[in-house]
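Colleague: Next comes the structure file start-v8.cif, holding mmCIF, C-alpha atoms and all ligand atoms.
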data_start
#
loop_
_atom_site.label_atom_id
_atom_site.label_comp_id
_atom_site.auth_asym_id
_atom_site.auth_seq_id
_atom_site.Cartn_x
_atom_site.Cartn_y
_atom_site.Cartn_z
CA MET Q 1258 27.95 3.25 11.48
CA THR Q 1259 24.42 1.91 11.47
CA THR Q 1260 21.03 3.53 11.05
CA GLN Q 1261 17.59 2.42 12.15
CA THR Q 1262 15.42 1.52 9.14
CA LEU Q 1263 11.91 0.16 8.77
CA VAL Q 1264 11.88 -2.84 6.43
CA PHE Q 1265 9.57 -5.64 5.37
CA THR Q 1266 11.14 -9.08 5.43
CA GLU Q 1267 8.78 -10.69 2.89
CA HIS Q 1268 5.75 -9.62 0.88
CA GLY Q 1269 2.68 -9.77 3.07
CA GLY Q 1270 0.83 -8.05 5.88
CA PRO Q 1271 2.01 -5.63 8.58
CA GLU Q 1272 3.54 -8.54 10.51
CA THR Q 1273 6.34 -8.65 7.92
CA GLN Q 1274 7.54 -5.17 9.02
CA ALA Q 1275 10.48 -4.68 11.39
CA LEU Q 1276 12.61 -1.80 12.62
CA ILE Q 1277 16.21 -2.96 12.23
CA ASP Q 1278 19.72 -1.57 12.36
CA ARG Q 1279 21.43 -1.45 8.96
CA PRO Q 1280 24.74 -0.07 7.80
CA ARG Q 1281 24.34 3.62 7.05
CA PRO Q 1282 23.79 3.78 3.26
CA VAL Q 1283 26.38 5.31 0.94
CA PRO Q 1284 25.19 7.28 -2.10
CA GLY Q 1285 25.97 5.83 -5.51
CA ARG Q 1286 26.32 7.73 -8.78
CA GLY Q 1287 23.54 10.31 -9.13
CA GLU Q 1288 22.46 9.92 -5.51
CA VAL Q 1289 22.70 11.94 -2.28
CA ALA Q 1290 22.69 10.67 1.30
CA ILE Q 1291 20.58 12.56 3.84
CA GLU Q 1292 19.87 12.67 7.51
CA VAL Q 1293 16.11 12.26 7.39
CA LYS Q 1294 14.12 15.01 9.09
CA ALA Q 1295 10.68 13.85 7.94
CA ALA Q 1296 9.25 11.16 5.66
CA GLY Q 1297 5.80 11.09 4.10
CA VAL Q 1298 3.66 7.93 4.35
CA ASN Q 1299 1.80 6.87 1.20
CA PRO Q 1300 -0.62 4.08 0.27
CA ALA Q 1301 2.15 2.78 -2.03
CA ASP Q 1302 4.21 1.86 1.06
CA TRP Q 1303 1.83 -0.89 2.15
CA LYS Q 1304 0.89 -1.80 -1.44
CA ILE Q 1305 4.57 -2.48 -2.24
CA ARG Q 1306 4.92 -4.48 1.01
CA ALA Q 1307 1.82 -6.51 0.11
CA GLY Q 1308 3.26 -7.30 -3.34
CA LEU Q 1309 0.47 -5.41 -5.13
CA MET Q 1310 2.98 -3.39 -7.16
CA GLY Q 1311 5.14 -6.32 -8.26
CA ALA Q 1312 7.56 -8.39 -6.20
CA ARG Q 1313 10.94 -7.06 -7.29
CA GLY Q 1314 14.05 -6.14 -5.33
CA GLN Q 1315 16.00 -7.58 -2.46
CA LEU Q 1316 14.51 -8.59 0.87
CA PRO Q 1317 14.44 -7.28 3.49
CA ALA Q 1318 13.28 -4.17 1.65
CA ALA Q 1319 13.51 -0.70 3.16
CA MET Q 1320 10.16 1.13 3.31
CA GLY Q 1321 9.28 4.75 2.53
CA LEU Q 1322 9.39 6.67 -0.75
CA GLU Q 1323 9.65 10.39 0.09
CA ALA Q 1324 11.60 12.47 2.58
CA SER Q 1325 13.12 15.78 3.52
CA GLY Q 1326 16.44 16.16 5.28
CA ILE Q 1327 20.00 17.44 5.28
CA ILE Q 1328 22.58 16.16 2.81
CA THR Q 1329 25.42 14.29 4.53
CA SER Q 1330 27.28 13.09 1.43
CA VAL Q 1331 27.04 13.45 -2.32
CA GLY Q 1332 27.48 10.66 -4.88
CA GLU Q 1333 29.57 10.75 -8.02
CA GLY Q 1334 28.27 12.96 -10.81
CA VAL Q 1335 26.02 15.10 -8.58
CA GLU Q 1336 26.71 18.78 -9.07
CA ALA Q 1337 23.46 20.39 -8.05
CA PHE Q 1338 23.82 19.71 -4.30
CA SER Q 1339 26.40 20.04 -1.52
CA VAL Q 1340 26.77 18.60 1.96
CA GLY Q 1341 24.60 20.59 4.37
CA ASP Q 1342 21.86 21.44 1.84
CA ALA Q 1343 18.28 21.04 3.05
CA VAL Q 1344 16.39 19.04 0.41
CA LEU Q 1345 13.27 17.01 -0.35
CA GLY Q 1346 13.08 14.12 -2.75
CA LEU Q 1347 12.37 10.53 -3.68
CA ALA Q 1348 14.27 7.56 -2.28
CA ALA Q 1349 16.89 6.10 -4.61
CA LYS Q 1350 16.25 2.56 -5.84
CA GLY Q 1351 16.79 0.03 -3.05
CA HIS Q 1352 16.54 2.65 -0.28
CA GLY Q 1353 13.70 3.65 2.06
CA THR Q 1354 12.92 6.90 3.86
CA PHE Q 1355 11.52 5.46 7.12
CA ALA Q 1356 15.01 5.62 8.56
CA ARG Q 1357 17.36 8.03 10.32
CA HIS Q 1358 19.61 8.11 7.27
CA THR Q 1359 18.78 7.27 3.65
CA VAL Q 1360 19.74 7.93 0.05
CA LEU Q 1361 17.74 9.99 -2.46
CA ASP Q 1362 17.72 10.02 -6.27
CA ALA Q 1363 19.39 13.36 -7.06
CA THR Q 1364 17.35 13.80 -10.25
CA GLN Q 1365 14.17 13.67 -8.16
CA THR Q 1366 15.48 15.89 -5.36
CA VAL Q 1367 15.14 19.66 -5.00
CA LEU Q 1368 16.37 22.23 -2.49
CA LYS Q 1369 13.92 22.79 0.35
CA PRO Q 1370 12.74 26.40 0.34
CA GLU Q 1371 13.28 28.08 3.72
CA GLU Q 1372 9.59 28.92 3.85
CA LEU Q 1373 8.70 25.23 4.10
CA SER Q 1374 9.07 23.14 7.24
CA PHE Q 1375 10.75 19.75 6.90
CA ALA Q 1376 7.40 18.14 7.74
CA ASP Q 1377 5.55 19.93 4.93
CA ALA Q 1378 8.43 19.36 2.51
CA ALA Q 1379 8.33 15.59 3.14
CA ALA Q 1380 4.77 15.45 1.79
CA LEU Q 1381 5.66 16.88 -1.61
CA PRO Q 1382 7.77 14.36 -3.58
CA VAL Q 1383 4.98 11.74 -3.92
CA ALA Q 1384 1.60 13.16 -2.89
CA GLY Q 1385 2.37 16.76 -3.86
CA ALA Q 1386 3.90 15.90 -7.22
CA THR Q 1387 1.02 13.52 -7.98
CA ALA Q 1388 -1.47 16.27 -7.09
CA TYR Q 1389 0.36 18.53 -9.52
CA ASP Q 1390 0.41 15.95 -12.32
CA VAL Q 1391 -3.20 14.87 -11.91
CA THR Q 1392 -4.47 18.45 -12.06
CA HIS Q 1393 -2.42 19.36 -15.14
CA GLN Q 1394 -2.93 16.32 -17.38
CA ILE Q 1395 -6.12 17.88 -18.75
CA GLU Q 1396 -5.90 21.67 -18.69
CA LEU Q 1397 -9.11 23.32 -17.54
CA GLU Q 1398 -10.05 26.99 -17.91
CA PRO Q 1399 -10.92 29.14 -14.88
CA GLY Q 1400 -14.53 28.50 -13.89
CA GLN Q 1401 -14.63 24.94 -15.22
CA THR Q 1402 -15.56 22.17 -12.80
CA MET Q 1403 -13.07 19.72 -11.31
CA LEU Q 1404 -14.42 16.91 -9.12
CA ILE Q 1405 -12.01 15.17 -6.75
CA LEU Q 1406 -13.03 11.71 -5.51
CA GLY Q 1407 -11.14 11.18 -2.22
CA ALA Q 1408 -10.67 14.91 -1.61
CA GLY Q 1409 -9.76 14.57 2.08
CA GLY Q 1410 -6.55 12.53 1.65
CA GLY Q 1411 -2.94 13.45 1.01
CA ILE Q 1412 -3.24 14.06 -2.73
CA GLY Q 1413 -6.85 15.26 -2.65
CA LEU Q 1414 -6.33 18.24 -0.35
CA MET Q 1415 -3.36 19.46 -2.38
CA ALA Q 1416 -5.21 18.92 -5.68
CA ALA Q 1417 -8.13 20.96 -4.33
CA GLN Q 1418 -5.79 23.83 -3.43
CA ILE Q 1419 -4.27 23.73 -6.91
CA GLY Q 1420 -7.84 24.00 -8.21
CA LYS Q 1421 -8.27 27.18 -6.18
CA VAL Q 1422 -5.04 28.68 -7.60
CA HIS Q 1423 -6.38 28.07 -11.13
CA GLU Q 1424 -9.85 29.34 -10.18
CA PHE Q 1425 -11.55 26.06 -11.07
CA ALA Q 1426 -14.93 25.33 -9.49
CA THR Q 1427 -13.79 22.39 -7.35
CA ILE Q 1428 -16.09 19.76 -5.86
CA GLY Q 1429 -14.52 17.54 -3.21
CA VAL Q 1430 -16.13 14.17 -2.53
CA ALA Q 1431 -15.11 12.73 0.85
CA ASN Q 1432 -16.62 11.13 3.91
CA ALA Q 1433 -18.67 13.29 6.31
CA GLY Q 1434 -15.87 13.68 8.89
CA LYS Q 1435 -13.76 15.55 6.33
CA LYS Q 1436 -16.33 18.24 5.43
CA GLU Q 1437 -14.55 21.13 7.17
CA LEU Q 1438 -11.12 20.03 5.97
CA VAL Q 1439 -12.29 19.83 2.34
CA GLU Q 1440 -14.12 23.15 2.58
CA SER Q 1441 -10.98 24.79 4.01
CA THR Q 1442 -9.42 24.36 0.55
CA GLY Q 1443 -12.19 26.40 -1.05
CA ALA Q 1444 -13.84 23.32 -2.56
CA THR Q 1445 -17.55 22.55 -2.37
CA PHE Q 1446 -17.96 19.47 -0.17
CA VAL Q 1447 -20.11 16.53 -1.30
CA GLU Q 1448 -20.53 13.54 1.00
CA ALA Q 1449 -19.20 10.26 -0.40
CA GLY Q 1450 -21.49 7.29 -0.98
CA ASP Q 1451 -23.41 5.54 -3.72
CA VAL Q 1452 -25.66 8.60 -4.21
CA ALA Q 1453 -22.74 11.07 -4.38
CA ALA Q 1454 -23.31 11.49 -8.14
CA ASP Q 1455 -26.93 12.56 -7.51
CA ARG Q 1456 -25.71 15.07 -4.93
CA VAL Q 1457 -23.18 16.47 -7.43
CA ARG Q 1458 -25.89 16.64 -10.12
CA THR Q 1459 -27.92 19.04 -7.94
CA ILE Q 1460 -24.90 21.40 -7.91
CA VAL Q 1461 -23.82 21.00 -11.56
CA PRO Q 1462 -26.74 19.57 -13.58
CA GLU Q 1463 -24.64 19.75 -16.76
CA GLY Q 1464 -21.90 17.50 -15.33
CA VAL Q 1465 -18.22 18.11 -14.53
CA ASP Q 1466 -15.27 18.92 -16.82
CA LEU Q 1467 -12.73 16.74 -14.98
CA ILE Q 1468 -12.89 13.85 -12.51
CA ILE Q 1469 -9.74 13.23 -10.47
CA ASP Q 1470 -9.97 9.76 -8.99
CA LEU Q 1471 -8.06 8.99 -5.80
CA VAL Q 1472 -10.24 6.06 -4.66
CA GLY Q 1473 -11.07 3.83 -7.63
CA GLY Q 1474 -13.28 0.71 -7.69
CA GLN Q 1475 -17.02 0.97 -7.18
CA ALA Q 1476 -16.77 4.55 -5.85
CA LEU Q 1477 -15.29 5.60 -9.20
CA ARG Q 1478 -17.93 3.65 -11.15
CA ASP Q 1479 -20.68 5.30 -9.07
CA ILE Q 1480 -19.44 8.83 -9.78
CA ALA Q 1481 -18.16 8.39 -13.37
CA GLY Q 1482 -21.51 9.24 -15.00
CA ILE Q 1483 -21.23 12.83 -13.74
CA ALA Q 1484 -18.35 13.48 -16.18
CA LYS Q 1485 -19.39 15.41 -19.29
CA ASN Q 1486 -17.30 12.88 -21.20
CA PRO Q 1487 -15.63 9.70 -19.84
CA SER Q 1488 -12.30 10.78 -21.34
CA VAL Q 1489 -12.00 13.45 -18.62
CA ILE Q 1490 -11.55 10.84 -15.87
CA VAL Q 1491 -7.93 10.84 -14.68
CA SER Q 1492 -7.08 8.25 -12.04
CA ALA Q 1493 -4.15 7.97 -9.64
CA ALA Q 1494 -5.79 5.13 -7.71
CA ASP Q 1495 -7.24 2.68 -10.21
CA PRO Q 1496 -6.03 2.89 -13.82
CA VAL Q 1497 -7.81 -0.35 -14.78
CA THR Q 1498 -11.28 0.86 -13.78
CA ALA Q 1499 -10.57 4.30 -15.23
CA ALA Q 1500 -9.60 2.78 -18.60
CA ASP Q 1501 -12.65 0.52 -18.50
CA LEU Q 1502 -14.82 3.62 -18.09
CA GLY Q 1503 -13.07 5.47 -20.94
CA GLY Q 1504 -10.67 7.52 -18.79
CA ALA Q 1505 -6.92 7.33 -18.23
CA ALA Q 1506 -4.26 6.81 -15.61
CA VAL Q 1507 -2.34 9.82 -14.34
CA GLN Q 1508 0.87 10.27 -16.29
CA ARG Q 1509 3.64 11.12 -13.82
CA THR Q 1510 6.12 13.76 -14.90
CA ARG Q 1511 9.68 14.48 -13.77
CA GLU Q 1512 8.88 18.18 -13.28
CA GLY Q 1513 6.02 17.63 -10.81
CA ILE Q 1514 8.22 17.72 -7.72
CA GLU Q 1515 9.85 21.02 -8.67
CA LYS Q 1516 6.55 22.59 -9.70
CA ILE Q 1517 4.69 21.64 -6.50
CA THR Q 1518 7.63 22.80 -4.37
CA GLY Q 1519 7.43 26.23 -6.04
CA VAL Q 1520 3.69 26.45 -5.49
CA ALA Q 1521 4.07 25.40 -1.83
CA GLN Q 1522 6.94 27.85 -1.30
CA TYR Q 1523 4.62 30.75 -2.08
CA GLY Q 1524 2.01 29.45 0.35
CA LEU Q 1525 -0.50 28.57 -2.37
CA VAL Q 1526 -0.62 24.89 -1.39
CA ASP Q 1527 -0.31 23.58 2.16
CA ALA Q 1528 0.61 19.92 2.44
CA GLN Q 1529 -1.95 19.50 5.27
CA VAL Q 1530 0.19 17.36 7.54
CA ARG Q 1531 -2.32 16.08 10.09
CA GLU Q 1532 -0.54 13.22 11.87
CA ARG Q 1533 3.08 12.86 13.02
CA PHE Q 1534 4.81 9.75 14.36
CA ASP Q 1535 8.37 9.06 15.48
CA LEU Q 1536 10.34 6.21 13.90
CA GLU Q 1537 9.55 3.87 16.79
CA HIS Q 1538 5.86 4.25 15.87
CA ALA Q 1539 6.34 4.11 12.10
CA MET Q 1540 4.20 0.97 11.88
CA ASP Q 1541 1.27 2.88 13.44
CA ALA Q 1542 1.71 5.56 10.77
CA ILE Q 1543 1.58 2.95 8.00
CA ALA Q 1544 -1.46 1.28 9.61
CA LEU Q 1545 -3.27 4.62 9.63
CA VAL Q 1546 -2.72 5.09 5.89
CA GLU Q 1547 -3.41 1.40 5.17
CA GLY Q 1548 -6.81 1.85 6.84
CA GLY Q 1549 -7.74 3.94 3.78
CA HIS Q 1550 -9.33 6.83 5.67
CA ALA Q 1551 -6.41 9.08 6.57
CA ALA Q 1552 -7.04 12.83 6.59
CA GLY Q 1553 -4.36 14.89 4.87
CA LYS Q 1554 -0.75 13.69 5.14
CA VAL Q 1555 0.75 11.34 7.68
CA ILE Q 1556 4.48 11.78 8.32
CA ILE Q 1557 7.24 10.07 10.27
CA GLU Q 1558 9.88 12.19 12.01
CA PRO Q 1559 12.92 10.10 12.94
N1 LIG Z 1601 -0.19 6.71 -9.81
C1 LIG Z 1601 0.61 7.38 -9.00
O1 LIG Z 1601 1.68 7.86 -9.39
C2 LIG Z 1601 0.18 7.55 -7.57
C3 LIG Z 1601 0.96 8.35 -6.72
C4 LIG Z 1601 0.52 8.53 -5.42
C5 LIG Z 1601 -0.66 7.92 -4.99
N2 LIG Z 1601 -1.36 7.13 -5.82
C6 LIG Z 1601 -2.63 6.49 -5.38
O2 LIG Z 1601 -3.63 7.51 -5.25
C7 LIG Z 1601 -4.56 7.14 -4.24
C8 LIG Z 1601 -4.73 8.28 -3.22
O3 LIG Z 1601 -3.49 8.52 -2.56
P1 LIG Z 1601 -3.43 9.45 -1.28
O4 LIG Z 1601 -2.01 9.58 -0.90
O5 LIG Z 1601 -4.25 10.66 -1.45
O6 LIG Z 1601 -4.18 8.48 -0.21
P2 LIG Z 1601 -4.80 8.82 1.22
O7 LIG Z 1601 -4.07 9.97 1.84
O8 LIG Z 1601 -4.91 7.54 1.94
O9 LIG Z 1601 -6.24 9.37 0.87
C9 LIG Z 1601 -7.25 8.60 0.33
C10 LIG Z 1601 -8.56 9.29 0.71
O10 LIG Z 1601 -9.65 8.66 0.06
C11 LIG Z 1601 -10.77 8.72 0.95
N3 LIG Z 1601 -11.75 7.71 0.55
C12 LIG Z 1601 -11.69 6.37 0.72
N4 LIG Z 1601 -12.80 5.80 0.19
C13 LIG Z 1601 -13.55 6.81 -0.31
C14 LIG Z 1601 -14.78 6.88 -1.00
N5 LIG Z 1601 -15.50 5.80 -1.26
N6 LIG Z 1601 -15.24 8.09 -1.39
C15 LIG Z 1601 -14.54 9.21 -1.15
N7 LIG Z 1601 -13.35 9.23 -0.48
C16 LIG Z 1601 -12.88 8.03 -0.09
C17 LIG Z 1601 -10.16 8.49 2.30
O11 LIG Z 1601 -10.82 8.99 3.43
P3 LIG Z 1601 -12.37 8.89 3.80
O12 LIG Z 1601 -12.84 7.58 3.30
O13 LIG Z 1601 -12.41 8.98 5.28
O14 LIG Z 1601 -13.00 10.07 3.10
C18 LIG Z 1601 -8.84 9.25 2.20
O15 LIG Z 1601 -8.97 10.58 2.67
C19 LIG Z 1601 -4.02 5.84 -3.63
O16 LIG Z 1601 -4.69 4.75 -4.25
C20 LIG Z 1601 -2.55 5.84 -4.02
O17 LIG Z 1601 -1.99 4.54 -4.07
C21 LIG Z 1601 -0.97 6.95 -7.11
#
Could you take the file, read its structure, and then write that structure out as structure tokens?
Modeller:
Amino acid sequence: MTTQTLVFTEHGGPETQALIDRPRPVPGRGEVAIEVKAAGVNPADWKIRAGLMGARGQLPAAMGLEASGIITSVGEGVEAFSVGDAVLGLAAKGHGTFARHTVLDATQTVLKPEELSFADAAALPVAGATAYDVTHQIELEPGQTMLILGAGGGIGLMAAQIGKVHEFATIGVANAGKKELVESTGATFVEAGDVAADRVRTIVPEGVDLIIDLVGGQALRDIAGIAKNPSVIVSAADPVTAADLGGAAVQRTREGIEKITGVAQYGLVDAQVRERFDLEHAMDAIALVEGGHAAGKVIIEP
């Protein structure tokens, strides 16, 4: 049996991507095979393809890191799941989720709560778990100020909703077209740009207690001065610039996926899926995220 899978044939641009038929993957020890119902698209998908995250692994390489679906077979040593379970999780090493069938790492897979659609669930293993980790690395008190740079994207919108749950005063910096979307999370919207820090200063003259960076580069340098202390900069996008400024990279945890799934189950965080593509149009989905201006989450539904 074969399954359609999106791969890249060599490290490079979008022209290296191809939708091919591959043998349906079999789960190894500690893995589960699923029929994919939905897969989330992340900036890491094109960064891995481009070789920006190291050039390891076999080519052609299957693309896609996160998915939801139904378990079709269970690998050796897996006791937590059974065939027929609805789950969400991270692709096992060497597998990709932009496919009709794939294999997940059972240790980074959780049961999908009935309350969550497959589409929403597919956005949680990477973007949702990162939003959880980045908002918990430095614990704020209710009323303290959290600024999110890149608030209108996949991680940003979920991070802003987590801020609301914790009663932080959240400021979301994003481009003008995302004002309503950012405000729908309860955050105060500030338009992005080289004077964004001045705009924030008019709202919080004393500075902010936490900067969550989802953009990096010059945009991070421009806003960094608004932090009360550079050590409160936590970056998912650009650890080098964050460290240069005195901040830190987000430390990913193994619990993030379970925690964000629980929060989403109770309706406290919505994954904000805004764009859906079928597998035949998976390359369009990746191009949308690669453009750097996606709103909320982009998913592929095989
Ligand atoms: N370290 C980790 O474990 C980890 C995990 C997941 C993701 N990441 C990284 O985290 C970053 C964000 O991921 P994501 O999934 O949220 O990406 P995304 O969905 O593509 O969102 C990025 C957002 O940033 C906004 N943006 C771009 N330039 C901006 C600027 N100058 N000022 C304000 N907003 C700007 C974009 O839209 P507009 O420009 O239209 O506002 C977009 O909404 C990526 O770099 C990703 O690779 C790291």
Colleague: Quick one: of Q:Pro1282, Q:Gly1420, Q:Gly1287, Q:Pro1399, who's nearest to Q:Phe1338, counting all atoms listed in the file?
Modeller: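 Looking only at the distances to Q:Phe1338, the closest residue turns out to be Q:Gly1287.
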Colleague: At a cut-off of 7 Å, using all atoms listed in the file, what residues contact Q:Val1555? Leave out same-chain residues fewer than 3 positions from it and give the result as a list in words.
Modeller: Gly1297, Val1298, Val1530, Arg1531, Glu1532, Arg1533 and Ala1542 of chain Q
Colleague: Find the residues near Q:Ser1488: any atom within 12 Å, counting all atoms listed in the file, skip ones fewer than 6 places away on the same chain, and give them as number ranges by chain.
Modeller: Q: 1394-1395, 1465-1469, 1481-1482, 1499-1506
Colleague: If you measure from atom CA of Q:Asp1455 to atom CA of Q:Gln1475, what distance in Å do you get, rounded to one decimal?
Modeller: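 The value is 15.3 Å.
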Colleague: What residues have any atom no more than 6 Å from ligand LIG 1601 (chain Z) when counting all atoms listed in the file, and can you list them as a PyMOL selection string?
Modeller: chain Q and resi 1299-1301+1383-1384+1387+1406-1407+1409-1413+1430-1432+1449+1471-1472+1476+1493-1494+1507+1509+1546+1549-1554
Colleague: List as JSON, numbers by chain the residues having at least one atom at most 6 Å from position (20.8, 16.9, 6.3) as given in the file, counting all atoms listed in the file.
Modeller: {"Q": [1291, 1292, 1326, 1327, 1328, 1329, 1341, 1343]}
Colleague: Closest to Q:Gly1450 among Q:Ile1514, Q:Arg1478, Q:Glu1372, Q:Glu1267, using only C-alpha atoms?
Modeller: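 Ranking Q:Ile1514, Q:Arg1478, Q:Glu1372, Q:Glu1267 by distance to Q:Gly1450, first place goes to Q:Arg1478.
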Colleague: Quick one: pull the distance between atom CA of Q:Glu1333 and atom CA of Q:Thr1364, Å, one decimal.
Modeller: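 Those two atoms sit 12.8 Å apart.
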